[in-house]
Each structure stands twice: as structure tokens, then as C-alpha cells.
Amino acid sequence: MNVDIEGIIQCIKQGDENGVQSQLQEFNKEYAQCFFFDAEEKERKKKRKLEEFRKNKVRDYADSDSDFDEYDQVDRDLILRQNLAVVLVRFIKTGVQTRALKVSLHTLRILTRDKKVLGPLVTDSALLTLARLAGLTTADIGDEANDPDSDFYDNIIASLAEAKLLQGRNEEDEGEGEAHDQNDECAAFEEDTKSDISTTNSGDLDSISWFGSHRTSINEMHRGSIHSRVLEQGRRDRRESKVAGDEEEDEGEYAQRKEAMKVLCNVVYNSTWAQERFSALRLMCGLIEHLSSSVSCSSQSSVHFYELRLLFLITALRPELSTQLQQEGGVSILTATLENCLEVQWKDQYECVLNPTAPPISLNASQCVIEILKILFNITYRSHRQEPSEDDAALYRHLVAILRLCLMRKCLLTDETNELQGHTVNLLSALPLQCLDVLLIAPPAPDSQQCQGVNMDCVHVLLMFLEKRLDSGEKMKEKLTPILNLLTESCRVHRETRIYIRKHILPPLRDVSHRPEEGSTAKNRLVRLMTHLDTDLKHCAADFIFVLCKENVRRFVKYTGYGNAAGLLATRGLLEGQRGKSYSTEGQYSSDSDSDTEEYRQVKDRINPVTGRVEAKQPDPMEGMTEEEKEEEAKRLIMLFNKLSRDNIIQPMQVNEEGKLVPMPGLTVNTLAEEAKSESENDREAGEEEKN
């Protein structure tokens with residue numbers, strides 16, 4: 001890490017903001033793409049070990065000095081980053097000029113990607129400073145910022161000198177180790193150092209004075225991550241890479257607010273302590289105020305996006321703040337914000353104007369819309385099974401009408417469209433089911449998908465979305481369960497939706513020469529999911545097809561085969577074939593019959609109900625056997641099953657009156673008697689043979 005912290009401190013003491021700005025710009029340029037300091041250090045360590053292995057051709061070199069050198073370098077870099085964070089937090093409180101302030105905040109944003117330097121940024125004073133710069137509060141942050149203490153900077157320089165002294169001693173020890181065999185001592189010292197640095201799980205952050213007049217020691221620097229958690233590796237902010245090149249250089253208060261908001265997002269994401277203090281300091285109120293005021297804005301700025309991003313993080317990580325936002329009218333505010341981002345025009349009370357010639361949703365707007373949908377999910381997912389009040393029902397229907405527009409509109413990029421539809425589906429699955437009828441309220445146009453006079457355009461989009469998710473081979477559960485649950489419940493309560501989807505997923509059976517799970521159609525892939533290893537996913541897929549079959553067991557087995565259907569039937573207690581009795585929502589099923597095709601009727605009697613296909617005729621294994629031989633074979637099989645049961649290898653079961661599997665009574669007693677009788681007969685026959 002090539003950063004001259006001493007030079008930066010000297011520039012700050014001399015009031016040379018231009019010097020500070022130029023040096024921090026070099027740091028920002030060098031580390032702009034560095035998102036995971038720890039991961040990079042580990043990668044460099046692996047490469048060094050590999051090079052040493054190739055050079056020495058030795059597999060076991062645990063006593064080598066290379067590990068110590070690598071760790072020592074990591075340690076020094078960490079101390080430099082921690083000291084730089086301490087200095088910059090102090091610096092931004094002194095009322096610096098806008099350009100230097102923006103560059104300093106940018107540097108802090110890079111540093112907050114490393115969880116080990118968060119200490120000076122999670123104090124109340126630092127959080128309030130960042131919130132003030134982001135425009136979330138005007139709270140007084142105290143008088144310490146107005147009195148720059150030269151001793152403070154001198155103490156930091158002394159801490160750096162201490163680190164350099166330690167580095168020099170280590171280098172001397174290394175040089176002596178080359179002349180004298182002291183590898184064991186170095187390894188022991190290394191373990192002591194690691195143990196000292198890893199001791200960061202105790203203590204109270206408020207008792208650590210990052211801005212006091214005492215000298216900051218190396219160990220105190222390491223305690224900065226007491227209340228932080230590991231930053232999980234994720235993807236880079238795609239919004240930055242897409243729109244940064246199209247925007248002009250941000251200046252003034254706008255740039256300051258944007259950078260401060262980014263720093264807050266990183267700190268809140270990485271530190272549970274910062275999340276708790278965010279709640280205690282009531283910074284949520286400032287976010288809600290900004291959100292309410294932005295509703296009337298004609299265009300959405302990137303600052304607005306990061307406000308939404310911060311709101312999403314805090315509602316996802318702190319449930320009490322999610323509840324607070326909902327209680328303070330968050331659904332209404334966010335719905336109005338969503339409406340503003342999409343520039344919605346209303347045709348009727350619950351119908352938006354959908355212009356086919358409208359341009360795609362812009363990058364800025366689509367990213368804001370996605371963040372809004374995620375926040376709305378955080379604050380509404382508990383309401384799915386609740387009965388909404390009249391006012392809430394009207395609010396949710398208004399929201400669903402806008403969500404229909406989200407499903408039907410396109411973004412500039414295909415990935416953006418898929419992501420927008422995914423989050424829309426997630427939110428729809430979280431809303432009260434009775435409010436989703438708005439999805440079908442639009443009258444059909446001449447080119448619309450229709451079913452019995454009902455507009456199915458939105459349902460068709462959901463079907464296409466399901467097929468795309470079925471094609472994706474990664475994270476199947478996360479991608480498929482929301483859309484499967486949404487379509488299942490919609491089919492259960494909306495007759496036209498079920499009929500339309502059934503024609504697409506379960507067309508009339510014609511070719512039954514293959515198993516239901518063989519093939520590439522949507523039905524084949526869904527049937528394969530019915531035997532998936534993930535229990536939730538296989539139940540969602542089975543329930544979806546079961547509802548499409550109007551929860552009729554015979555029809556369900558017909559389309560899927562008994563082998564695939566047995567899991568759901570056993571779980572629901574439907575193995576006797578009756579309709580289920582335990583549904584929370586009564587299915588709206590018509591009396592239309594499931595007429596068989598001519599091709600199906602011709603081979604119906606030859607279909608194996610277990611596999612669901614026509615099987616090749618198998619030879620009769622009892623052909624040529626007499627009735628006595630058949631009876632003896634049956635008895636032998638029963639005795640074998642009984643032996644397996646006694647040894648707890650299998651458990652004979654039967655279906656009770658409720659359609660559930662229960663242990664079969666009487667089999668063991670009867671078969672034991674038969675087995676004893678058979679053994680006695682065998683013994684008697686053997687005795688007679690000996691007499692003869």
C-alpha cells in the first residue's frame with residue numbers, strides 16, 4: 001500500500017487542502033477497483049507459496065520465513081489503512097472545501113470495503129457527521145471537529161513510527177535468521193502476533209477514544225473492527241459502471257451527499273454496531289423525509305438511488321426499522337415514488353396506460369425501481385396471509401396495478417428486465433392474494449392473450465418468466481419458489497388463470513411413450529422438480545401441477561405418474577384418491593371434464609400408472625407354474641418380507657381411512673405362525689427321509 005500518510009497529515013496540519021486532495025486522488029485511482037483487501041492479500045499469499053514451492057521443490061515448508069514476511073506486509077498495510085481512516089474522519093469534521101471533502105469521502109468509501117478499518121467510522125460522532133454530509137440530519141456533532149488538535153496528528157505519526165520500528169526489528173531478525181537457524185523462533189513470534197491481532201471480540205466500542213489526545217497504539221488500531229462483520233464477496237455495483245461514463249463530473253453539495261451516502265451504505269452493511277446506532281440515532285426519519293420530498297421531483301438523481309439503497313439495507317438488516325417504516329406510511333410513500341419513477345399515467349382507478357411505443361425504462365429509473373421493490377418486499381412480506389383492511393386493500397390494489405406495468409415494460413438491457421421482473425414477482429407473492437385480481441382487470445386488446453374474454457397478457461409474461469427460470473441451472477430454489485407459489489395461488493383462486501396456464505403447461509396427453517419427466521417442455525422440467533433433493537422446491541413444483549389438475553388425484557397421477565406423485569399424495573394424505581381437505585384457500589374450480597384424446601384412449605389400458613407411460617409387455621414370471629407352486633412362492637415371499645421387517649430393514653405399511661400410510665397390523669403374527677408351521681413341516685419331512 002503506497003500511501004504517504006505522514007505527508008497527508010503534514011498537509012492537513014499546514015492547511016494545504018490541495019496537497020491532501022492530490023495525494024488522496026492518487027490513492028483513489030490506485031485502489032478504485034480494490035473491493036476486498038483481505039481476499040487480495042490471501043491471493044498474493046497463495047501465489048507466493050506456489051512460487052516458493054516451485055523454486056524449492058519442497059512440499060512442507062511451514063517453517064519458511066515467507067509466511068512471516070507475507071503476514072508482516074499484510075499487517076503493515078492494515079495499520080496504514082486504519083490510520084488513514086482515523087485521519088480522514090477527523091479531517092472531514094473540520095469544514096474542508098467541497099473538492100477536498102469529496103475526495104476524502106471517496107477514500108473513506110474505498111476503505112470501508114475492509115471490515116477491519118471500520119472502528120473510527122462507527123462511533124456516534126462519525127455516523128452523525130456522515131449523516132449530516134449526506135443530508136439526513138442537521139444534528140450537532142460536538143465541538144471536537146472545530147478544534148483541530150495538532151497533538152492528535154503527532155500521535156498518529158508516532159504510531160506509524162512504532163510500526164516502522166517493529167518492521168525494522170523484524171527485518172533484523174530475518175537477517176540474523178539467515179545466518180543462524182532461527183526459523184522456529186520466527187514461527188512462534190508469528191503465532192503470538194496473529195493471536196494478538198485476532199483478539200478483537202471483547203470490549204466496548206464507546207470506550208475506545210479514536211479522537212482523544214492520548215497516543216494511538218497499534219493494538220488499539222486493531223480493535224476497530226469489534227462490532228463489524230465480514231464483508232461477503234459480491235458483485236460490483238453495476239449502476240456505477242453503467243452510468244458513470246454518461247454523467248458529467250459531480251460538483252458541489254450534490255457530489256458530497258452522494259459520496260457520504262455511499263460511505264454510509266458500506267458502513268451499515270458491514271457493521272452490526274453501525275446498524276444498531278443507526279436505529280438509536282433515529283436516522284431513519286431523515287431517510288423517510290428525503291423519500292417523501294423526492295416524490296414531487298421530476299427526475300431521479302443518483303443520490304436518490306443511494307438513499308433507496310441505504311433504506312433497503314437498513315430494513316433488511318434491522319426488522320424493527322422495517323416495521324417502523326411500514327407504520328409511518330412507507331407503503332404509500334414508496335408506491336408514490338415508484339409511480340413517479342415509471343412516470344405512470346392512469347387510465348382507470350386500477351389500470352395504468354401501457355403504451356407499446358414507449359421507450360424502455362432508463363438505467364437510472366430501472367435501478368431505482370428495483371430498490372423500491374426490494375424495500376416494499378421487506379415491509380410487506382408479513383401481510384401475505386393477513387386480511388387487509390379496506391384502506392390497505394385499496395392501497396395494495398393501487399400498488400399491484402403499478403406492478404403489472406413493471407411486468408409489461410422493458411428496460412434498456414435484457415438483464416435489467418429480468419431483474420425487474422424477478423423483484424416484481426417476489427413482491428407480488430408477498431401481497432394479499434385477494435388484491436392480485438387487478439392483474440386481470442385490463443380489457444383485452446385485439447392482439448392480447450385471452451382466456452374466456454379475460455386479458456391474459458400479464459399471466460403470459462409470468463409464464464414466460466417461469467420458463468426462463470426453469471432454464472437457469474443455478475440457485476433453482478431462490479429463483480423458482482416465488483414464481484411457482486405466485487402462479488399456484490393465482491390458479492387456485494382465478495379460474496381463467498388456471499385454464500390458460502394449464503393449456504400451456506399441461507396440454508392434452510397424446511404421446512405417452514415416454515416418462516412424464518423425460519423431455520424439454522415446461523411440464524417435463526416441472527415433473528423432474530417433483531423429485532428434486534430440495535424439499536421446498538419439489539413441494540412447490542408438485543403443488544403447482546396438482547392445482548392445475550384441480551387437485552384431482554386421478555388426473556394428477558395421469559399427468560405425472562404415480563412414482564412422481566406419491567410424495568405429495570403421501571404428504572397430503574391423499575393416497576386413497578380423495579380430494580384434499582386441508583387447504584387454507586378454497587379452490588375456484590369449474591366442473592369441466594378432462595377429456596382424453598383419441599391417442600390416449602387407444603393406449604390407456606397399457607399405461608403403467610407408476611411410470612406414466614406405455615411399457616413394453618413383460619413375460620409372466622409365473623408362466624408354467626402350478627397353483628401349488630404359486631402358493632408356495634407367495635408364502636416364501638411373505639416370509640422374506642417378514643424377516644426384513646423383523647430386522648428393521650423395511651416396515652410393511654397400509655393406507656388408513658384418512659388416506660395416510662400406517663404400519664400394517666397382523667402381518668408379523670400371521671407370518672410368524674406360517675413360518676413356524678413351515679419349519680415344522682420341513683423338520684418332519686427331513687425325519688421321515690432319515691427313517692427311510
# chains A, B, ... in the order shown; residues from 1 in each chain; ligands from 1
>>> residues_around(residues="A:Phe305", least_positions_apart="2", cutoff="8 Å", atoms="only C-alpha atoms", output="MDAnalysis selection string")
chainID A and resid 300:303 307:309 364 367:368 371
>>> residues_around(residues="A:Val353", least_positions_apart="3", cutoff="9 Å", atoms="only C-alpha atoms", output="PyMOL selection string")
chain A and resi 344-348+405
>>> closest_residue(among="A:Ile545, A:Lys538, A:Leu470, A:Asn455", to="A:Leu487", atoms="only C-alpha atoms")
A:Ile545
>>> residues_around(residues="stretch 611-623 of chain A", least_positions_apart="2", cutoff="9 Å", atoms="only C-alpha atoms", output="PyMOL selection string")
chain A and resi 511-516+557-564+603-609+625-626+630
>>> closest_residue(among="A:Asn270, A:Gln97, A:Thr107, A:Gln326", to="A:Phe27", atoms="only C-alpha atoms")
A:Thr107
>>> closest_residue(among="A:Leu436, A:Ile361, A:Ala131, A:Ile650", to="A:Gln256", atoms="only C-alpha atoms")
A:Ala131
>>> closest_atom_pairs(of="stretch 401-498 of chain A", to="stretch 383-393 of chain A", cutoff="9 Å", atoms="only C-alpha atoms", output="CSV")
residue,atom,partner,partner_atom,distance
A:Ser429,CA,A:His384,CA,7.5
A:Ala430,CA,A:His384,CA,5.0
A:Leu431,CA,A:His384,CA,4.9
A:Pro432,CA,A:His384,CA,4.5
A:Leu433,CA,A:His384,CA,6.9
A:Gln434,CA,A:Ala393,CA,8.4
A:Cys435,CA,A:Ala393,CA,6.5
>>> atom_distance(atom1="atom CA of A:Ile483", atom2="atom CA of A:Thr521")
17.4 Å
>>> residues_around(residues="stretch 413-427 of chain A", least_positions_apart="6", cutoff="10 Å", atoms="only C-alpha atoms", output="PDB file with C-alpha atoms, in the first residue's frame")
ATOM      1  CA  PRO A 360     -37.571   1.375 -22.497  1.00  0.00           C
ATOM      2  CA  ILE A 361     -37.120   2.284 -18.858  1.00  0.00           C
ATOM      3  CA  SER A 362     -33.874   4.218 -18.391  1.00  0.00           C
ATOM      4  CA  LEU A 363     -30.954   2.819 -16.404  1.00  0.00           C
ATOM      5  CA  SER A 366     -34.848   0.884 -13.523  1.00  0.00           C
ATOM      6  CA  GLN A 367     -32.262   0.753 -10.742  1.00  0.00           C
ATOM      7  CA  VAL A 369     -37.466   0.891  -9.254  1.00  0.00           C
ATOM      8  CA  ILE A 370     -35.622  -2.312  -8.314  1.00  0.00           C
ATOM      9  CA  GLU A 371     -34.513  -0.820  -4.983  1.00  0.00           C
ATOM     10  CA  ILE A 372     -38.075   0.336  -4.248  1.00  0.00           C
ATOM     11  CA  LEU A 373     -39.443  -3.139  -4.964  1.00  0.00           C
ATOM     12  CA  LYS A 374     -36.902  -4.688  -2.588  1.00  0.00           C
ATOM     13  CA  ILE A 375     -37.817  -2.237   0.187  1.00  0.00           C
ATOM     14  CA  LEU A 376     -41.527  -2.847  -0.336  1.00  0.00           C
ATOM     15  CA  PHE A 377     -40.927  -6.578  -0.016  1.00  0.00           C
ATOM     16  CA  ASN A 378     -39.106  -6.026   3.291  1.00  0.00           C
ATOM     17  CA  THR A 380     -44.978  -6.182   3.276  1.00  0.00           C
ATOM     18  CA  TYR A 381     -43.934  -9.843   3.315  1.00  0.00           C
ATOM     19  CA  HIS A 384     -49.420 -12.164   2.684  1.00  0.00           C
ATOM     20  CA  VAL A 400     -50.478  -4.126  -7.931  1.00  0.00           C
ATOM     21  CA  ILE A 402     -48.202  -0.402 -10.992  1.00  0.00           C
ATOM     22  CA  LEU A 403     -46.548  -3.811 -10.605  1.00  0.00           C
ATOM     23  CA  ARG A 404     -48.453  -5.004 -13.648  1.00  0.00           C
ATOM     24  CA  LEU A 405     -46.788  -2.181 -15.531  1.00  0.00           C
ATOM     25  CA  CYS A 406     -43.401  -3.330 -14.185  1.00  0.00           C
ATOM     26  CA  LEU A 407     -44.032  -6.777 -15.646  1.00  0.00           C
ATOM     27  CA  VAL A 461     -45.468 -12.726 -19.119  1.00  0.00           C
ATOM     28  CA  LEU A 462     -45.363 -14.667 -15.853  1.00  0.00           C
ATOM     29  CA  PHE A 465     -40.666 -15.719 -16.858  1.00  0.00           C
ATOM     30  CA  LEU A 466     -41.213 -19.168 -15.313  1.00  0.00           C
ATOM     31  CA  LYS A 468     -36.679 -18.653 -18.274  1.00  0.00           C
ATOM     32  CA  ARG A 469     -36.186 -19.518 -14.624  1.00  0.00           C
ATOM     33  CA  LYS A 479     -35.330 -18.378  -8.453  1.00  0.00           C
ATOM     34  CA  LEU A 480     -38.287 -20.734  -8.799  1.00  0.00           C
ATOM     35  CA  THR A 481     -40.164 -20.850  -5.491  1.00  0.00           C
ATOM     36  CA  PRO A 482     -41.540 -17.258  -5.674  1.00  0.00           C
ATOM     37  CA  ILE A 483     -42.936 -17.610  -9.197  1.00  0.00           C
ATOM     38  CA  LEU A 484     -44.250 -21.127  -8.532  1.00  0.00           C
ATOM     39  CA  ASN A 485     -46.023 -20.003  -5.354  1.00  0.00           C
ATOM     40  CA  LEU A 486     -47.470 -16.954  -7.104  1.00  0.00           C
ATOM     41  CA  LEU A 487     -48.837 -18.955 -10.049  1.00  0.00           C
TER      42      LEU A 487
END
>>> select_by_dssp(residues="stretch 616-657 of chain A", states="alpha helix (DSSP H)", output="list in words")
Glu627, Glu628, Glu629, Lys630, Glu631, Glu632, Glu633, Ala634, Lys635, Arg636, Leu637, Ile638, Met639, Leu640, Phe641, Asn642, Lys643, Leu644, Ser645 and Arg646 of chain A
>>> write_last_selection(atoms="C-alpha atoms", output="PDB file, in the first residue's frame")
ATOM      1  CA  GLU A 627     -51.243 -73.418  -8.394  1.00  0.00           C
ATOM      2  CA  GLU A 628     -49.400 -75.191  -5.561  1.00  0.00           C
ATOM      3  CA  GLU A 629     -46.068 -73.776  -6.740  1.00  0.00           C
ATOM      4  CA  LYS A 630     -47.548 -70.291  -6.973  1.00  0.00           C
ATOM      5  CA  GLU A 631     -48.894 -70.598  -3.430  1.00  0.00           C
ATOM      6  CA  GLU A 632     -45.530 -71.778  -2.124  1.00  0.00           C
ATOM      7  CA  GLU A 633     -43.753 -68.905  -3.890  1.00  0.00           C
ATOM      8  CA  ALA A 634     -46.161 -66.424  -2.331  1.00  0.00           C
ATOM      9  CA  LYS A 635     -45.558 -67.859   1.143  1.00  0.00           C
ATOM     10  CA  ARG A 636     -41.813 -67.710   0.619  1.00  0.00           C
ATOM     11  CA  LEU A 637     -42.024 -64.041  -0.378  1.00  0.00           C
ATOM     12  CA  ILE A 638     -44.135 -63.229   2.691  1.00  0.00           C
ATOM     13  CA  MET A 639     -41.600 -64.898   4.957  1.00  0.00           C
ATOM     14  CA  LEU A 640     -38.784 -62.934   3.314  1.00  0.00           C
ATOM     15  CA  PHE A 641     -40.661 -59.681   3.828  1.00  0.00           C
ATOM     16  CA  ASN A 642     -41.328 -60.630   7.430  1.00  0.00           C
ATOM     17  CA  LYS A 643     -37.631 -61.289   8.019  1.00  0.00           C
ATOM     18  CA  LEU A 644     -36.754 -57.892   6.581  1.00  0.00           C
ATOM     19  CA  SER A 645     -39.382 -56.317   8.841  1.00  0.00           C
ATOM     20  CA  ARG A 646     -38.100 -58.086  11.972  1.00  0.00           C
TER      21      ARG A 646
END
>>> residues_around(residues="A:Gln275", least_positions_apart="5", cutoff="12 Å", atoms="only C-alpha atoms", output="MDAnalysis selection string")
chainID A and resid 122:124 127 227:229 264:270 280:284 310:311 313:321
>>> write_last_selection(atoms="N, CA and C atoms", output="CSV table (one decimal), in the first residue's frame")
chain,number,residue,atom,x,y,z
A,122,VAL,N,-17.8,4.0,13.1
A,122,VAL,CA,-19.0,3.5,13.7
A,122,VAL,C,-19.3,4.2,15.0
A,123,THR,N,-18.6,5.2,15.4
A,123,THR,CA,-18.9,6.0,16.6
A,123,THR,C,-20.1,6.9,16.3
A,124,ASP,N,-20.8,7.3,17.3
A,124,ASP,CA,-22.0,8.2,17.1
A,124,ASP,C,-21.6,9.5,16.4
A,127,LEU,N,-20.9,8.7,12.7
A,127,LEU,CA,-22.2,8.4,11.9
A,127,LEU,C,-23.0,9.7,11.7
A,227,HIS,N,-17.2,-4.4,16.4
A,227,HIS,CA,-18.6,-4.5,16.1
A,227,HIS,C,-18.9,-4.7,14.6
A,228,SER,N,-17.9,-5.1,13.9
A,228,SER,CA,-18.1,-5.3,12.4
A,228,SER,C,-18.2,-6.7,12.1
A,229,ARG,N,-18.7,-7.0,10.9
A,229,ARG,CA,-18.8,-8.4,10.4
A,229,ARG,C,-18.1,-8.5,9.0
A,264,LEU,N,-22.0,5.6,4.0
A,264,LEU,CA,-23.0,5.1,5.0
A,264,LEU,C,-23.5,3.7,4.6
A,265,CYS,N,-23.7,3.5,3.3
A,265,CYS,CA,-24.2,2.2,2.8
A,265,CYS,C,-23.1,1.1,3.2
A,266,ASN,N,-21.9,1.3,2.9
A,266,ASN,CA,-20.8,0.4,3.2
A,266,ASN,C,-20.7,0.1,4.7
A,267,VAL,N,-20.8,1.2,5.5
A,267,VAL,CA,-20.6,1.0,7.0
A,267,VAL,C,-21.8,0.2,7.6
A,268,VAL,N,-23.0,0.6,7.1
A,268,VAL,CA,-24.2,-0.1,7.6
A,268,VAL,C,-24.2,-1.6,7.2
A,269,TYR,N,-23.8,-1.8,6.0
A,269,TYR,CA,-23.8,-3.2,5.5
A,269,TYR,C,-22.8,-4.1,6.3
A,270,ASN,N,-21.6,-3.5,6.6
A,270,ASN,CA,-20.5,-4.3,7.2
A,270,ASN,C,-20.5,-4.3,8.7
A,280,ALA,N,-30.7,3.8,16.9
A,280,ALA,CA,-30.8,4.6,18.1
A,280,ALA,C,-30.7,6.1,17.8
A,281,LEU,N,-30.0,6.5,16.8
A,281,LEU,CA,-29.8,7.9,16.4
A,281,LEU,C,-31.0,8.4,15.6
A,282,ARG,N,-31.9,7.5,15.3
A,282,ARG,CA,-33.1,7.9,14.5
A,282,ARG,C,-32.8,8.5,13.2
A,283,LEU,N,-31.8,8.0,12.5
A,283,LEU,CA,-31.5,8.5,11.2
A,283,LEU,C,-32.5,8.0,10.1
A,284,MET,N,-33.4,7.0,10.5
A,284,MET,CA,-34.4,6.6,9.6
A,284,MET,C,-35.4,7.7,9.2
A,310,LEU,N,-29.6,2.6,0.8
A,310,LEU,CA,-29.4,2.6,2.3
A,310,LEU,C,-30.7,2.2,3.0
A,311,LEU,N,-31.8,2.6,2.5
A,311,LEU,CA,-33.1,2.2,3.1
A,311,LEU,C,-33.3,0.8,3.0
A,313,LEU,N,-31.0,-1.6,2.8
A,313,LEU,CA,-30.1,-2.3,3.7
A,313,LEU,C,-30.6,-2.2,5.1
A,314,ILE,N,-31.0,-1.1,5.5
A,314,ILE,CA,-31.4,-1.0,6.9
A,314,ILE,C,-32.7,-1.7,7.2
A,315,THR,N,-33.6,-1.8,6.3
A,315,THR,CA,-34.9,-2.5,6.5
A,315,THR,C,-34.6,-4.0,6.4
A,316,ALA,N,-33.6,-4.4,5.6
A,316,ALA,CA,-33.3,-5.8,5.5
A,316,ALA,C,-32.6,-6.3,6.8
A,317,LEU,N,-31.7,-5.5,7.4
A,317,LEU,CA,-30.9,-5.9,8.5
A,317,LEU,C,-31.5,-5.6,9.8
A,318,ARG,N,-32.4,-4.7,9.9
A,318,ARG,CA,-33.0,-4.3,11.2
A,318,ARG,C,-34.5,-4.4,11.1
A,319,PRO,N,-35.1,-5.5,11.6
A,319,PRO,CA,-36.5,-5.7,11.4
A,319,PRO,C,-37.4,-4.6,12.1
A,320,GLU,N,-36.9,-4.1,13.2
A,320,GLU,CA,-37.7,-3.0,13.9
A,320,GLU,C,-37.8,-1.8,13.0
A,321,LEU,N,-36.8,-1.5,12.2
A,321,LEU,CA,-36.8,-0.4,11.3
A,321,LEU,C,-37.8,-0.6,10.1
